[in-house]
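Report on the structure given below.
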Amino acid sequence: GEAAIRECEVSCFDLILLDVEMPGMNGFAVCARIRAMPSHRETPILFISALDDLRSRASTKISGGNQFITKPVNFLELSITATSLLLKQRLKQIDKAVLSDFKNAVPPVPDTFEV
């Protein structure tokens, strides 16, 4: 967990995969710490775990995770879930860029109008 946090402090990632059960610090704590970093506030985080209870799935969302899949990993499910998270993130980035361009291109509307 600590190693993952250190890596996230110095590098940006497109997608982060976390296990719940790790030595030292669980994945939920790691996720919450990563979400506190400005560079990873919106980075998709996918939990992969042997746990399959409702509490673990809820903790995924509470800690800031995006998705949860169970072990043993079905690689088709992993591929589809990872791809969909990456596409969703890319679409958000495109939306922000388009909105930013639009705001810069449209002249501001005056607060008052003269008649």
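If you're wondering about the labels, chains in the structure tokens are A, B, ... by order shown, residues count from 1 in each chain, ligands from 1 in order shown.
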Contacts of Ala32 in chain A at 9 Å (only C-alpha atoms; same-chain gap of 6+ positions) as a PyMOL selection string = chain A and resi 62-65
For Gly24 in chain A: contacts at 12 Å, only C-alpha atoms, fewer than 5 positions along chain excluded, given as a PyMOL selection string = chain A and resi 1-4+29-30
Take the selection from the previous step and output its residues with N, CA, C and O atoms, as an mmCIF file, in the first residue's frame.
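Below is the file part-v4.cif, written as the result:
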data_model
loop_
_atom_site.group_PDB
_atom_site.id
_atom_site.type_symbol
_atom_site.label_atom_id
_atom_site.label_comp_id
_atom_site.auth_asym_id
_atom_site.auth_seq_id
_atom_site.Cartn_x
_atom_site.Cartn_y
_atom_site.Cartn_z
ATOM 1 N N GLY A 1 0.792 -1.201 0.000
ATOM 2 C CA GLY A 1 0.000 0.000 0.000
ATOM 3 C C GLY A 1 0.837 1.269 0.000
ATOM 4 O O GLY A 1 0.586 2.180 -0.780
ATOM 5 N N GLU A 2 1.825 1.295 0.875
ATOM 6 C CA GLU A 2 2.693 2.481 0.948
ATOM 7 C C GLU A 2 3.450 2.689 -0.360
ATOM 8 O O GLU A 2 3.618 3.819 -0.813
ATOM 9 N N ALA A 3 3.886 1.594 -0.970
ATOM 10 C CA ALA A 3 4.608 1.697 -2.248
ATOM 11 C C ALA A 3 3.692 2.263 -3.337
ATOM 12 O O ALA A 3 4.124 3.085 -4.152
ATOM 13 N N ALA A 4 2.440 1.843 -3.344
ATOM 14 C CA ALA A 4 1.482 2.359 -4.332
ATOM 15 C C ALA A 4 1.267 3.855 -4.135
ATOM 16 O O ALA A 4 1.220 4.621 -5.102
ATOM 17 N N ALA A 29 -8.004 1.977 2.321
ATOM 18 C CA ALA A 29 -7.199 3.076 2.870
ATOM 19 C C ALA A 29 -6.281 3.651 1.798
ATOM 20 O O ALA A 29 -6.108 4.866 1.697
ATOM 21 N N VAL A 30 -5.690 2.772 0.997
ATOM 22 C CA VAL A 30 -4.824 3.235 -0.100
ATOM 23 C C VAL A 30 -5.632 4.077 -1.081
ATOM 24 O O VAL A 30 -5.199 5.162 -1.490
#
Please provide as a PDB file with N, CA and C atoms, in the first residue's frame all residues within 12 Å of Pro38 in chain A, with the sequence filter that same-chain residues fewer than 3 positions apart are discarded (counting only C-alpha atoms).
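Result went into out.pdb, see below:
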ATOM      1  N   CYS A   8       2.123   6.886  -6.797  1.00  0.00           N
ATOM      2  CA  CYS A   8       1.098   7.848  -7.225  1.00  0.00           C
ATOM      3  C   CYS A   8       1.497   9.286  -6.922  1.00  0.00           C
ATOM      4  N   GLU A   9       2.371   9.480  -5.948  1.00  0.00           N
ATOM      5  CA  GLU A   9       2.847  10.830  -5.633  1.00  0.00           C
ATOM      6  C   GLU A   9       3.784  11.365  -6.704  1.00  0.00           C
ATOM      7  N   VAL A  10       4.468  10.471  -7.414  1.00  0.00           N
ATOM      8  CA  VAL A  10       5.458  10.919  -8.393  1.00  0.00           C
ATOM      9  C   VAL A  10       5.049  10.665  -9.846  1.00  0.00           C
ATOM     10  N   SER A  11       4.019   9.853 -10.054  1.00  0.00           N
ATOM     11  CA  SER A  11       3.607   9.510 -11.416  1.00  0.00           C
ATOM     12  C   SER A  11       2.097   9.627 -11.568  1.00  0.00           C
ATOM     13  N   CYS A  12       1.675   9.872 -12.802  1.00  0.00           N
ATOM     14  CA  CYS A  12       0.246   9.880 -13.119  1.00  0.00           C
ATOM     15  C   CYS A  12      -0.076   8.574 -13.845  1.00  0.00           C
ATOM     16  N   ARG A  33      -6.336   7.549   0.236  1.00  0.00           N
ATOM     17  CA  ARG A  33      -5.136   8.395   0.194  1.00  0.00           C
ATOM     18  C   ARG A  33      -4.829   8.837  -1.237  1.00  0.00           C
ATOM     19  N   ILE A  34      -5.022   7.947  -2.193  1.00  0.00           N
ATOM     20  CA  ILE A  34      -4.778   8.299  -3.594  1.00  0.00           C
ATOM     21  C   ILE A  34      -5.790   9.349  -4.047  1.00  0.00           C
ATOM     22  N   ARG A  35      -7.039   9.207  -3.640  1.00  0.00           N
ATOM     23  CA  ARG A  35      -8.082  10.173  -4.015  1.00  0.00           C
ATOM     24  C   ARG A  35      -7.800  11.567  -3.441  1.00  0.00           C
ATOM     25  N   ARG A  41      -7.461  12.618  -8.418  1.00  0.00           N
ATOM     26  CA  ARG A  41      -8.857  12.762  -7.966  1.00  0.00           C
ATOM     27  C   ARG A  41      -9.841  12.062  -8.879  1.00  0.00           C
ATOM     28  N   GLU A  42      -9.530  12.017 -10.167  1.00  0.00           N
ATOM     29  CA  GLU A  42     -10.465  11.431 -11.126  1.00  0.00           C
ATOM     30  C   GLU A  42      -9.919  10.192 -11.830  1.00  0.00           C
ATOM     31  N   THR A  43      -8.756   9.719 -11.425  1.00  0.00           N
ATOM     32  CA  THR A  43      -8.192   8.513 -12.031  1.00  0.00           C
ATOM     33  C   THR A  43      -9.090   7.321 -11.703  1.00  0.00           C
TER      34      THR A  43
END
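Of the residues under consideration (A:Leu85, A:Arg6, A:Leu18, A:Leu78), A:Leu85 shows the shortest atom-to-atom contact distance to Pro44 in chain A when counting only C-alpha atoms.
The gap separating CA of Lys103 in chain A from CA of Lys88 in chain A is 22.5 Å, in Å to one decimal.
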In Å and to one decimal, CA of Phe28 in chain A is distant from CA of Ser59 in chain A by 6.8 Å
Distance in Å - CA of Glu21 in chain A versus CA of Ile48 in chain A =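 Pair CA of Glu21 in chain A / CA of Ile48 in chain A returns 9.6 Å.
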